[in-house]
$ cat coords-v8.tsv   # TSV, C-alpha atoms
chain	number	residue	atom	x	y	z
A	1	MET	CA	108.28	215.77	205.89
A	2	ILE	CA	105.50	217.91	204.40
A	3	ILE	CA	103.42	220.24	206.56
A	4	ASP	CA	100.32	221.89	205.07
A	5	LEU	CA	99.06	225.22	206.38
A	6	PRO	CA	95.84	226.11	204.53
A	7	SER	CA	94.52	229.68	204.63
A	8	THR	CA	97.60	230.88	206.46
A	9	THR	CA	99.79	233.98	206.75
A	10	THR	CA	103.51	234.60	206.29
A	11	SER	CA	103.93	235.20	210.03
A	12	ALA	CA	102.36	231.81	210.76
A	13	LEU	CA	104.72	230.18	208.25
A	14	ASN	CA	107.74	231.84	209.86
A	15	LYS	CA	106.62	230.69	213.29
A	16	LYS	CA	106.24	227.13	212.04
A	17	LEU	CA	109.71	227.19	210.47
A	18	VAL	CA	111.24	228.25	213.79
A	19	GLU	CA	109.35	225.45	215.53
A	20	ILE	CA	110.61	222.88	213.02
A	21	ARG	CA	114.20	224.04	213.48
A	22	GLU	CA	113.94	223.81	217.26
A	23	GLN	CA	112.36	220.37	217.24
A	24	GLY	CA	114.11	218.72	214.33
A	25	GLY	CA	117.44	220.48	214.13
A	26	GLN	CA	116.83	222.03	210.71
A	27	VAL	CA	119.34	224.89	210.49
A	28	ALA	CA	118.89	227.90	208.21
A	29	LEU	CA	122.48	229.12	208.75
A	30	GLY	CA	123.81	226.53	206.29
A	31	ARG	CA	121.83	227.98	203.37
A	32	VAL	CA	123.97	229.78	200.81
A	33	LEU	CA	121.12	231.56	199.02
A	34	THR	CA	117.37	231.98	198.67
A	35	LEU	CA	115.89	230.59	195.46
A	36	VAL	CA	112.51	232.07	194.56
A	37	ILE	CA	110.55	230.04	192.00
A	38	VAL	CA	107.70	231.88	190.28
A	39	ALA	CA	105.20	229.75	188.36
A	40	ASP	CA	101.54	229.00	187.82
A	41	ASP	CA	99.96	226.42	190.11
A	42	ASP	CA	99.73	223.70	187.47
A	43	ALA	CA	101.02	220.22	186.65
A	44	ASN	CA	104.52	221.51	185.84
A	45	LEU	CA	105.09	223.02	189.27
A	46	GLU	CA	106.36	219.82	190.89
A	47	GLU	CA	108.94	219.37	188.13
A	48	ALA	CA	110.43	222.76	188.96
A	49	ILE	CA	110.48	221.98	192.69
A	50	GLU	CA	112.15	218.63	192.01
A	51	ALA	CA	114.85	220.36	189.91
A	52	ALA	CA	115.44	222.86	192.73
A	53	ASN	CA	115.69	220.02	195.27
A	54	GLY	CA	118.33	218.33	193.14
A	55	ALA	CA	120.25	221.58	192.69
A	56	SER	CA	120.16	222.19	196.44
A	57	ARG	CA	122.50	219.24	197.01
A	58	GLU	CA	125.25	221.38	195.49
A	59	HIS	CA	123.78	224.72	196.57
A	60	PRO	CA	121.95	224.36	199.93
A	61	SER	CA	119.24	226.99	199.91
A	62	ARG	CA	115.86	228.08	201.09
A	63	VAL	CA	113.44	227.56	198.22
A	64	ILE	CA	110.36	229.78	198.17
A	65	VAL	CA	107.80	228.75	195.57
A	66	VAL	CA	105.29	231.40	194.50
A	67	ALA	CA	102.51	229.37	192.86
A	68	LYS	CA	99.89	231.61	191.30
A	69	GLY	CA	96.42	230.10	191.59
A	70	ALA	CA	93.01	231.13	190.22
A	71	ARG	CA	92.71	234.91	189.98
A	72	THR	CA	88.94	234.73	190.39
A	73	ALA	CA	89.06	232.86	193.72
A	74	ALA	CA	88.71	234.44	197.14
A	75	PRO	CA	91.98	235.96	198.41
A	76	ARG	CA	93.97	233.49	200.50
A	77	ILE	CA	97.38	231.88	200.96
A	78	ASP	CA	97.74	228.12	201.21
A	79	GLY	CA	101.17	227.38	202.64
A	80	GLN	CA	103.24	224.24	202.64
A	81	ILE	CA	106.62	223.53	204.27
A	82	ARG	CA	108.83	220.68	203.08
A	83	VAL	CA	111.97	219.59	204.93
A	84	GLY	CA	114.10	216.48	205.11
A	85	GLY	CA	113.83	213.96	202.30
A	86	ASP	CA	111.06	215.94	200.60
A	87	ALA	CA	113.29	218.99	200.19
A	88	GLY	CA	116.73	217.70	199.19
A	89	ALA	CA	119.37	219.74	201.02
A	90	SER	CA	117.07	222.73	201.28
A	91	GLU	CA	113.86	223.77	202.98
A	92	VAL	CA	110.99	224.39	200.60
A	93	ILE	CA	108.16	226.82	201.30
A	94	VAL	CA	105.28	226.66	198.83
A	95	LEU	CA	102.96	229.67	198.72
A	96	ARG	CA	99.81	229.13	196.72
A	97	LEU	CA	98.31	232.58	196.16
A	98	TYR	CA	94.70	233.01	195.09
A	99	GLY	CA	92.57	235.92	193.96
A	100	PRO	CA	94.15	239.41	194.15
A	101	LEU	CA	97.02	237.94	196.19
A	102	ALA	CA	98.29	236.16	193.06
A	103	ALA	CA	99.72	239.50	191.95
A	104	GLN	CA	101.30	240.22	195.37
A	105	GLY	CA	104.08	237.66	195.35
A	106	GLN	CA	106.72	240.13	196.50
A	107	SER	CA	104.80	241.00	199.69
A	108	ALA	CA	104.42	237.31	200.51
A	109	VAL	CA	108.07	236.46	199.84
A	110	VAL	CA	109.90	239.29	201.66
A	111	PRO	CA	109.07	238.11	205.23
A	112	LEU	CA	110.46	234.65	204.39
A	113	LEU	CA	113.84	235.68	202.91
A	114	LEU	CA	117.01	234.58	204.67
A	115	PRO	CA	118.95	237.53	206.11
A	116	ASP	CA	122.19	238.48	204.30
A	117	ALA	CA	121.80	235.67	201.75
A	118	PRO	CA	121.81	236.37	198.00
A	119	ILE	CA	118.52	235.95	196.16
A	120	VAL	CA	117.97	234.22	192.83
A	121	THR	CA	114.59	234.37	191.09
A	122	TRP	CA	113.71	231.67	188.58
A	123	TRP	CA	110.74	231.53	186.20
A	124	PRO	CA	110.63	227.89	184.95
A	125	GLY	CA	107.65	228.60	182.68
A	126	THR	CA	106.31	231.83	181.23
A	127	GLY	CA	108.36	234.72	182.55
A	128	PRO	CA	108.24	238.52	182.36
A	129	LYS	CA	109.43	240.41	179.29
A	130	ASP	CA	111.76	242.45	181.50
A	131	PRO	CA	112.82	240.33	184.51
A	132	ASP	CA	114.60	243.21	186.23
A	133	LYS	CA	111.37	245.26	186.31
A	134	ASP	CA	109.28	242.41	187.73
A	135	PRO	CA	108.52	242.86	191.48
A	136	LEU	CA	110.10	239.51	192.31
A	137	GLY	CA	112.96	240.14	189.90
A	138	GLU	CA	113.77	243.40	191.65
A	139	LEU	CA	114.58	241.43	194.82
A	140	ALA	CA	117.21	239.27	193.13
A	141	GLN	CA	120.89	239.54	192.25
A	142	ARG	CA	120.35	236.88	189.59
A	143	ARG	CA	117.27	236.37	187.39
A	144	ILE	CA	116.80	233.12	185.46
A	145	THR	CA	114.25	232.69	182.68
A	146	ASP	CA	113.69	229.89	180.16
A	147	SER	CA	112.77	231.05	176.68
A	148	ALA	CA	112.25	227.44	175.58
A	149	ALA	CA	109.23	227.23	177.91
A	150	GLU	CA	107.46	230.17	176.22
A	151	LYS	CA	104.74	229.89	173.57
A	152	ASN	CA	107.03	231.68	171.10
A	153	PRO	CA	110.55	230.91	172.33
A	154	VAL	CA	112.55	232.92	169.79
A	155	ARG	CA	110.36	235.98	170.17
A	156	ALA	CA	110.64	235.78	173.96
A	157	LEU	CA	114.44	235.59	173.70
A	158	THR	CA	114.56	238.61	171.39
A	159	THR	CA	112.31	240.62	173.69
A	160	ARG	CA	114.44	239.88	176.75
A	161	ALA	CA	117.60	240.69	174.81
A	162	LYS	CA	116.32	244.24	174.31
A	163	ALA	CA	115.56	244.56	178.04
A	164	TYR	CA	118.74	242.86	179.27
A	165	THR	CA	120.07	243.99	182.64
A	166	ALA	CA	123.23	242.71	184.33
A	167	GLY	CA	122.22	239.62	186.31
A	168	ASP	CA	119.76	238.30	183.72
A	169	THR	CA	120.32	234.88	182.19
A	170	ASP	CA	118.34	232.19	180.38
A	171	LEU	CA	118.44	228.40	180.53
A	172	ALA	CA	118.43	228.41	176.72
A	173	TRP	CA	121.96	229.81	177.07
A	174	THR	CA	123.02	227.34	179.77
A	175	ARG	CA	122.07	224.43	177.50
A	176	LEU	CA	124.84	225.53	175.12
A	177	THR	CA	127.78	224.82	177.43
A	178	HIS	CA	128.83	221.46	176.00
A	179	TRP	CA	128.42	222.62	172.41
A	180	ARG	CA	130.58	225.66	172.97
A	181	ALA	CA	133.25	223.66	174.76
A	182	GLN	CA	133.50	221.14	171.91
A	183	LEU	CA	133.71	223.82	169.23
A	184	VAL	CA	136.45	225.70	171.08
A	185	SER	CA	138.39	222.46	171.58
A	186	ALA	CA	138.14	221.73	167.84
A	187	LEU	CA	139.63	225.14	167.02
A	188	ASP	CA	142.59	224.38	169.29
A	189	LEU	CA	143.65	221.56	166.92
A	190	PRO	CA	145.55	221.98	163.61
A	191	PRO	CA	145.24	223.21	160.95
A	192	PHE	CA	145.10	226.67	162.56
A	193	GLU	CA	143.21	228.57	159.89
A	194	LYS	CA	140.87	231.49	159.82
A	195	ILE	CA	137.15	230.69	160.04
A	196	THR	CA	135.51	232.35	157.04
A	197	SER	CA	131.83	231.62	157.77
A	198	ALA	CA	129.58	229.45	159.90
A	199	THR	CA	126.23	227.69	159.67
A	200	VAL	CA	124.09	226.64	162.62
A	201	THR	CA	121.15	224.29	161.99
A	202	GLY	CA	118.42	223.59	164.48
A	203	GLU	CA	114.73	223.42	165.26
A	204	ALA	CA	112.83	226.46	164.01
A	205	ASP	CA	111.73	227.58	167.48
A	206	SER	CA	114.94	226.66	169.34
A	207	PRO	CA	116.27	229.69	171.27
A	208	SER	CA	119.48	227.79	172.03
A	209	THR	CA	120.18	227.52	168.31
A	210	GLU	CA	119.70	231.26	167.96
A	211	LEU	CA	122.08	231.96	170.83
A	212	LEU	CA	124.76	229.60	169.53
A	213	ALA	CA	124.68	231.32	166.14
A	214	ALA	CA	124.80	234.72	167.84
A	215	TRP	CA	127.78	233.66	170.00
A	216	LEU	CA	129.74	232.60	166.91
A	217	ALA	CA	128.85	235.80	165.07
A	218	GLU	CA	129.90	237.97	168.00
A	219	TYR	CA	133.22	236.29	168.78
A	220	LEU	CA	134.43	235.03	165.39
A	221	LYS	CA	133.37	238.19	163.52
A	222	VAL	CA	132.31	236.17	160.44
A	223	PRO	CA	129.00	235.74	158.58
A	224	VAL	CA	126.79	233.21	160.37
A	225	LYS	CA	123.75	231.59	158.77
A	226	ARG	CA	120.99	230.20	160.98
A	227	VAL	CA	119.23	227.32	159.18
A	228	LYS	CA	115.82	226.19	160.44
A	229	SER	CA	114.81	222.54	160.38
A	230	SER	CA	111.79	220.55	161.51
A	231	GLY	CA	113.56	217.20	161.42
A	232	ALA	CA	114.86	217.11	165.00
A	233	ALA	CA	114.65	218.92	168.31
A	234	GLY	CA	117.07	221.58	169.51
A	235	ILE	CA	120.43	222.10	167.86
A	236	ILE	CA	121.29	219.72	165.02
A	237	SER	CA	124.64	220.81	163.62
A	238	VAL	CA	127.29	223.51	163.47
A	239	THR	CA	129.63	224.00	160.50
A	240	LEU	CA	132.70	226.24	160.64
A	241	ASP	CA	134.12	226.87	157.17
A	242	ARG	CA	137.88	227.05	156.62
A	243	ARG	CA	140.09	226.99	153.51
A	244	SER	CA	141.29	223.41	153.98
A	245	GLY	CA	137.86	222.08	154.89
A	246	SER	CA	135.02	222.53	157.33
A	247	VAL	CA	134.78	221.68	161.00
A	248	GLU	CA	131.38	220.09	161.58
A	249	LEU	CA	129.68	218.99	164.77
A	250	HIS	CA	126.52	217.05	163.89
A	251	ARG	CA	123.96	215.74	166.40
A	252	PRO	CA	120.78	214.48	164.72
A	253	ASP	CA	119.43	212.36	167.58
A	254	GLY	CA	119.78	214.71	170.57
A	255	ARG	CA	122.25	212.35	172.28
A	256	VAL	CA	125.50	211.70	170.39
A	257	GLY	CA	127.39	214.13	168.18
A	258	THR	CA	129.94	213.47	165.44
A	259	LEU	CA	132.89	215.85	165.04
A	260	THR	CA	134.70	215.90	161.70
A	261	GLN	CA	137.55	218.20	160.67
A	262	PRO	CA	140.55	218.15	158.29
A	263	GLY	CA	143.56	216.14	159.37
A	264	GLN	CA	141.79	214.66	162.42
A	265	PRO	CA	139.95	211.37	162.94
A	266	THR	CA	136.19	211.49	163.16
A	267	ARG	CA	135.10	211.56	166.80
A	268	ARG	CA	131.84	210.64	168.49
A	269	ILE	CA	130.96	212.93	171.41
A	270	ALA	CA	128.34	212.66	174.14
A	271	LEU	CA	125.98	215.62	173.61
A	272	GLN	CA	122.92	214.56	175.56
A	273	ARG	CA	120.28	217.26	175.92
A	274	ARG	CA	120.79	218.75	179.38
A	275	SER	CA	118.19	218.44	182.11
A	276	THR	CA	116.68	221.45	183.85
A	277	GLN	CA	118.36	220.38	187.07
A	278	ASP	CA	121.83	220.37	185.46
A	279	CYS	CA	121.26	223.80	183.96
A	280	LEU	CA	119.99	225.20	187.26
A	281	ILE	CA	123.02	223.83	189.13
A	282	GLU	CA	125.32	225.57	186.67
A	283	GLU	CA	123.49	228.87	186.92
A	284	LEU	CA	123.59	228.88	190.73
A	285	ARG	CA	127.39	228.58	190.68
A	286	ARG	CA	127.73	232.26	189.92
A	287	LEU	CA	125.93	235.38	191.06
A	288	ASP	CA	127.91	237.92	189.03
A	289	PRO	CA	126.79	239.18	185.59
A	290	ASP	CA	127.46	236.88	182.63
A	291	GLU	CA	129.33	239.11	180.17
A	292	VAL	CA	129.58	236.40	177.48
A	293	TYR	CA	125.82	235.89	177.51
A	294	GLU	CA	125.33	239.64	177.22
A	295	ALA	CA	127.73	239.83	174.27
A	296	SER	CA	125.98	236.92	172.56
A	297	LEU	CA	122.65	238.71	172.86
A	298	HIS	CA	124.21	241.54	170.86
A	299	GLY	CA	125.08	238.98	168.18
A	300	LEU	CA	121.42	238.06	167.59
A	301	GLY	CA	121.15	240.92	165.12
A	302	LYS	CA	124.17	239.71	163.14
A	303	ILE	CA	122.92	236.29	162.02
A	304	THR	CA	121.13	235.61	158.75
A	305	SER	CA	118.43	233.06	157.96
A	306	GLY	CA	118.96	230.13	155.62
A	307	THR	CA	116.89	227.47	153.90
A	308	ASN	CA	115.34	224.44	155.60
A	309	GLY	CA	117.99	222.07	156.90
A	310	LYS	CA	118.12	218.28	156.64
A	311	THR	CA	119.03	215.94	159.45
A	312	GLY	CA	120.55	213.06	157.50
A	313	ALA	CA	123.96	211.51	158.07
A	314	PRO	CA	126.80	213.94	158.63
A	315	PRO	CA	129.13	214.58	155.71
A	316	LYS	CA	132.22	212.44	155.31
A	317	ALA	CA	135.36	213.62	157.04
A	318	ASP	CA	137.55	215.94	154.99
A	319	VAL	CA	140.47	214.01	153.47
A	320	THR	CA	142.59	217.00	152.59
A	321	SER	CA	146.25	215.96	152.88
A	322	PRO	CA	148.25	217.25	155.86
A	323	ALA	CA	150.68	218.86	153.45
A	324	ALA	CA	147.92	220.85	151.77
A	325	ALA	CA	146.53	221.83	155.15
A	326	ALA	CA	149.96	222.98	156.30
A	327	ALA	CA	150.36	225.11	153.17
A	328	ALA	CA	147.19	227.11	153.98
A	329	PRO	CA	147.57	230.51	155.66
A	330	ASP	CA	147.92	230.29	159.45
A	331	ALA	CA	145.27	232.87	160.38
A	332	ALA	CA	142.95	231.06	162.77
A	333	ALA	CA	144.79	231.57	166.02
A	334	ALA	CA	143.11	234.87	166.84
A	335	PRO	CA	139.51	233.71	166.13
A	336	ALA	CA	140.15	230.53	168.11
A	337	ARG	CA	141.44	232.50	171.07
A	338	LYS	CA	138.38	234.80	170.93
A	339	ALA	CA	135.99	231.85	170.86
A	340	LYS	CA	137.88	230.20	173.71
A	341	ALA	CA	137.64	233.37	175.77
A	342	GLY	CA	133.90	233.41	175.17
A	343	ALA	CA	133.51	229.82	176.30
A	344	ASN	CA	135.55	230.39	179.44
A	345	GLY	CA	133.05	233.11	180.35
A	346	LYS	CA	130.61	230.27	181.01
A	347	LYS	CA	128.20	228.06	179.14
A	348	SER	CA	127.43	226.23	175.88
A	349	ALA	CA	124.63	224.42	173.97
A	350	SER	CA	121.54	222.24	174.37
$ encode --input "coords-v8.tsv" --output "structure tokens"
Amino acid sequence: MIIDLPSTTTSALNKKLVEIREQGGQVALGRVLTLVIVADDDANLEEAIEAANGASREHPSRVIVVAKGARTAAPRIDGQIRVGGDAGASEVIVLRLYGPLAAQGQSAVVPLLLPDAPIVTWWPGTGPKDPDKDPLGELAQRRITDSAAEKNPVRALTTRAKAYTAGDTDLAWTRLTHWRAQLVSALDLPPFEKITSATVTGEADSPSTELLAAWLAEYLKVPVKRVKSSGAAGIISVTLDRRSGSVELHRPDGRVGTLTQPGQPTRRIALQRRSTQDCLIEELRRLDPDEVYEASLHGLGKITSGTNGKTGAPPKADVTSPAAAAAAPDAAAAPARKAKAGANGKKSAS
């Protein structure tokens, strides 16, 4: 059910919500949090609301959408309430703010917050340089941005890294979860050798590629080269160099990856690019600071740039004999444990 309230006020919206609960049995007590979505009133707005509706099936919430309209229009609020099938397991309140009110999102949101429920603010498109200093970010325990949605994704990620505050996170980081998990699993298999260097190849403006390289640099304490490529989207491959041969995870098509390493059969792994809904669900599972993400941001300054990468077939699996692999120094246990600890902190790649 969708109820439109043009040229309305927050008090009128609250009154209507109470009326809907009394008549239809919609209960706010079952909501575990308030999700505030901040975006421009454009064609991408419905995609963000749809992702929030899907996430609400795991995290029932009140979703408040602050849609910023034309700044030159007369000041007004057009409200909309969505419940039932149009709101997933949540209740959605859309506030379209026009004129000077477009900059007053905090004042419009506060009267609609659920009492004693944690607040998460999400910018699905262009977000603030310092989320914690944004008026709507100040309300939240958790602040979610998406550097990949910015005009200059890598620059936006670097800027937010400098302004990081506990509670900040980015969907570019959440998209790394499966990549990180696969790399840590590979290091748990023999031969257990020290990683000497790493190379991460991906799209030139992929913030997830930057973060994956930074995570490896921070936790493995080895030189990491970040290679830019225009041949595919997102992350393309990761190579971890060891004495007996390299561990390589190669995904040229954005769907299926190939893992090759010494002494192990070549494996094909599902590495589908994650949807916004999946990433949002993962982020809403925790409201505490993400220490691994914070540490990885520190690693951004430790990576070096390489030459343009190619996205052809992955290299053949290393055929080093098991005997030769066993004769190599057993020095990888510590780096593997460090990387595993980093992955257990939360997420992995896109």
$ atom_distance --input "coords-v8.tsv" --atom1 "CA of Leu212 (chain A)" --atom2 "CA of Glu58 (chain A)"
27.2 Å
$ closest_residue --input "coords-v8.tsv" --among "A:Ser61, A:Ser305, A:Gln261, A:Ser7" --to "Ser244 (chain A)" --atoms "all atoms listed in the file"
A:Gln261
$ residues_around --input "coords-v8.tsv" --residues "Thr258 (chain A)" --least-positions-apart "6" --cutoff "6 Å" --atoms "all atoms listed in the file" --output "list in words"
Leu249, His250, Arg267 and Arg268 of chain A
$ residues_around --input "coords-v8.tsv" --residues "Ala232 (chain A)" --least-positions-apart "5" --cutoff "9 Å" --atoms "all atoms listed in the file" --output "CSV table (one decimal) with C-alpha atoms, in the frame of the given file"
chain,number,residue,atom,x,y,z
A,202,GLY,CA,118.4,223.6,164.5
A,203,GLU,CA,114.7,223.4,165.3
A,252,PRO,CA,120.8,214.5,164.7
A,253,ASP,CA,119.4,212.4,167.6
A,254,GLY,CA,119.8,214.7,170.6
A,311,THR,CA,119.0,215.9,159.4
$ closest_residue --input "coords-v8.tsv" --among "A:Pro124, A:Ala156, A:Ser275, A:Ile119" --to "Arg175 (chain A)" --atoms "only C-alpha atoms"
A:Ser275
$ atom_distance --input "coords-v8.tsv" --atom1 "CA of Arg21 (chain A)" --atom2 "CA of Ala117 (chain A)"
18.2 Å
$ closest_residue --input "coords-v8.tsv" --among "A:Glu46, A:Asp78, A:Asp41, A:Glu248" --to "Ala12 (chain A)" --atoms "all atoms listed in the file"
A:Asp78
$ closest_residue --input "coords-v8.tsv" --among "A:Ala55, A:Leu171, A:Leu114, A:Leu300" --to "Arg274 (chain A)" --atoms "all atoms listed in the file"
A:Leu171
$ closest_residue --input "coords-v8.tsv" --among "A:Gly301, A:Gly257, A:Gly79, A:Pro60" --to "Ser11 (chain A)" --atoms "all atoms listed in the file"
A:Gly79
$ residues_near_point --input "coords-v8.tsv" --point "(116.0, 229.1, 167.2)" --cutoff "9 Å" --atoms "all atoms listed in the file" --output "list in words"
Pro153, Val154, Thr201, Gly202, Glu203, Ala204, Asp205, Ser206, Pro207, Ser208, Thr209, Glu210, Leu211, Arg226, Val227, Lys228, Gly234 and Ile235 of chain A
$ decode --input "coords-v8.tsv" --residues "region 151-164 of chain A" --atoms "C-alpha atoms" --output "CSV table (one decimal), in the first residue's frame"
chain,number,residue,atom,x,y,z
A,151,LYS,CA,32.3,10.4,-10.2
A,152,ASN,CA,35.9,9.7,-9.2
A,153,PRO,CA,35.6,6.5,-7.1
A,154,VAL,CA,39.3,6.2,-6.0
A,155,ARG,CA,39.6,9.8,-5.1
A,156,ALA,CA,36.4,9.6,-3.0
A,157,LEU,CA,37.7,6.5,-1.2
A,158,THR,CA,41.0,8.3,-0.4
A,159,THR,CA,39.2,11.4,0.9
A,160,ARG,CA,37.0,9.4,3.2
A,161,ALA,CA,40.0,7.4,4.4
A,162,LYS,CA,41.6,10.6,5.7
A,163,ALA,CA,38.3,11.5,7.5
A,164,TYR,CA,37.5,8.0,8.8
